[in-house]
There are 2 protein chains.
Amino acid sequence: METYGRYYDDLAVGERFESGGRELALEELLDFAKRYDPQYFHADPAAAASSRFGGIIASGIHTAALWRKLDHEISGNIRWICGIAWEEVRWPHPVRAGDTLRARSECLSKRHSRTDPSRGIVEYRYEMLNQRDELVFTCRSINLVEIRPASAPG
Amino acid sequence: METYGRYYDDLAVGERFESGGRELALEELLDFAKRYDPQYFHADPAAAASSRFGGIIASGIHTAALWRKLDHEISGNIRWICGIAWEEVRWPHPVRAGDTLRARSECLSKRHSRTDPSRGIVEYRYEMLNQRDELVFTCRSINLVEIRPASAPG
């Protein structure tokens, strides 16, 4: 990853990045579920065994959090202001313990803010895949990014 | 909350629920950020002080996770199969340490699955508010819910 500091001006529509892989432990699935999403098919292995999924699957929000950590590897060098919106959020395949996940990003569009000349609006398609190349998470995300100040080195 | 076991058949379009309030500690914000979203304005109080937000704000995905935990209070009695999609995800105001958050749900629509007679498709508007009644998270969520089997007590 390039050094921290990519401004709006440095981002190219069409640029794509992919993270490394990360294997997921059952303990992490259960820990997240107990804190934030204690449905039995996320948090209780015995009860989950008789669910439609036949075992523990990750919380959809945990899946999004796992994406974010992997995405940070490939987009942590961007001068984000904040996220504004997500659209088209989908979880096409479940995430299970033992899966190895990786994240992808693609820059779809960029434009200057109409209200604040220091901010750009950048749209990304984000995806996370498992070791079988199945899509486990995707969204279209709209974000604010710092525009390079006149005083900053180009 | 009613006892666990509300089927698709039991959900009424237009029904609304609201959770109790929960105060958020700085330690929890930092812990989540270090695990999943280590941007400096989520994870580093000193650096965040000079950000546009003037201090630590919660990760958007942490905000969603906090919503889910509160929502479980009001919708944990529904026989969810899984979530399918989110649309119109927004974070209109930042979440900060010390905020007291509460969740709201409204059932927008329901229909039978065209492909599986055991499943219903239910659409919800979800919201989370802070102690000043500012909206800090909202989405429109499409979910699968179990239809009451013929053998189950009505």
# chains A, B, ... in the order shown; residues from 1 in each chain; ligands from 1
>>> interface_residues(of="chain B", to="chain A", cutoff="8 Å", atoms="only C-alpha atoms", output="list in words")
Arg35, Tyr36, Asp37, Pro38, Gln39, Arg52, Gly60, Ile61, His62, Ala64, Ala65, Leu66, Arg68, Lys69, His72, Gly76, Ile81, Gly83, Ile84, Ala85, Trp86, Glu87, Glu88, Val89, Arg90, Trp91 and Pro92 of chain B
>>> write_last_selection(atoms="C-alpha atoms", output="PDB file, in the first residue's frame")
ATOM      1  CA  ARG B  35     -10.438  -4.609  15.698  1.00  0.00           C
ATOM      2  CA  TYR B  36     -12.296  -3.623  12.548  1.00  0.00           C
ATOM      3  CA  ASP B  37     -12.011   0.007  11.459  1.00  0.00           C
ATOM      4  CA  PRO B  38      -8.675   1.479  12.561  1.00  0.00           C
ATOM      5  CA  GLN B  39      -8.971   4.891  10.912  1.00  0.00           C
ATOM      6  CA  ARG B  52     -12.903  17.592  11.127  1.00  0.00           C
ATOM      7  CA  GLY B  60     -20.241   3.451  10.758  1.00  0.00           C
ATOM      8  CA  ILE B  61     -20.158  -0.335  10.989  1.00  0.00           C
ATOM      9  CA  HIS B  62     -19.912  -0.120  14.777  1.00  0.00           C
ATOM     10  CA  ALA B  64     -24.772  -0.530  12.690  1.00  0.00           C
ATOM     11  CA  ALA B  65     -23.670  -3.166  15.211  1.00  0.00           C
ATOM     12  CA  LEU B  66     -24.951  -1.032  18.101  1.00  0.00           C
ATOM     13  CA  ARG B  68     -28.459  -4.490  15.855  1.00  0.00           C
ATOM     14  CA  LYS B  69     -27.928  -5.124  19.558  1.00  0.00           C
ATOM     15  CA  HIS B  72     -32.566  -7.466  19.098  1.00  0.00           C
ATOM     16  CA  GLY B  76     -35.453 -10.869  18.736  1.00  0.00           C
ATOM     17  CA  ILE B  81     -34.184 -16.848   8.545  1.00  0.00           C
ATOM     18  CA  GLY B  83     -31.241 -10.754   6.055  1.00  0.00           C
ATOM     19  CA  ILE B  84     -31.079 -10.400   2.262  1.00  0.00           C
ATOM     20  CA  ALA B  85     -30.323  -6.773   1.534  1.00  0.00           C
ATOM     21  CA  TRP B  86     -29.982  -3.248   2.872  1.00  0.00           C
ATOM     22  CA  GLU B  87     -30.806  -0.133   0.903  1.00  0.00           C
ATOM     23  CA  GLU B  88     -30.643   3.567   1.781  1.00  0.00           C
ATOM     24  CA  VAL B  89     -28.094   3.112   4.561  1.00  0.00           C
ATOM     25  CA  ARG B  90     -27.291   6.531   6.070  1.00  0.00           C
ATOM     26  CA  TRP B  91     -25.399   7.889   9.082  1.00  0.00           C
ATOM     27  CA  PRO B  92     -26.802  11.439   9.283  1.00  0.00           C
TER      28      PRO B  92
END
>>> select_by_dssp(residues="region 9-115 of chain B", states="strand (DSSP E or B)", output="ChimeraX atom specification")
/B:16-18,22-23,78,80-90,100-112
>>> write_last_selection(atoms="C-alpha atoms", output="compact mmCIF listing (two decimals), in the first residue's frame")
# COMPACT_ATOMS: atom_id res chain seq x y z
CA ARG B 16 -43.52 -0.02 15.18
CA PHE B 17 -41.30 -0.78 18.13
CA GLU B 18 -38.70 1.18 20.10
CA ARG B 22 -27.94 2.45 26.00
CA GLU B 23 -25.03 4.74 26.88
CA ILE B 78 -39.23 -12.88 15.28
CA TRP B 80 -35.78 -14.65 11.20
CA ILE B 81 -34.18 -16.85 8.54
CA CYS B 82 -31.65 -14.22 7.48
CA GLY B 83 -31.24 -10.75 6.05
CA ILE B 84 -31.08 -10.40 2.26
CA ALA B 85 -30.32 -6.77 1.53
CA TRP B 86 -29.98 -3.25 2.87
CA GLU B 87 -30.81 -0.13 0.90
CA GLU B 88 -30.64 3.57 1.78
CA VAL B 89 -28.09 3.11 4.56
CA ARG B 90 -27.29 6.53 6.07
CA THR B 100 -27.31 7.27 24.68
CA LEU B 101 -28.74 5.39 21.72
CA ARG B 102 -32.08 3.73 21.06
CA ALA B 103 -33.45 1.77 18.10
CA ARG B 104 -36.75 1.94 16.24
CA SER B 105 -38.31 -0.42 13.73
CA GLU B 106 -41.25 -0.12 11.38
CA CYS B 107 -42.59 -2.94 9.21
CA LEU B 108 -43.02 -1.51 5.69
CA SER B 109 -44.24 -4.47 3.66
CA LYS B 110 -44.53 -8.26 3.57
CA ARG B 111 -45.10 -10.84 0.86
CA HIS B 112 -44.72 -14.57 0.32
>>> select_by_dssp(residues="chain A", states="helix (DSSP H, G or I)", output="count of residues only")
38
>>> atom_distance(atom1="CA of Gly14 (chain B)", atom2="CA of Val136 (chain B)")
22.0 Å
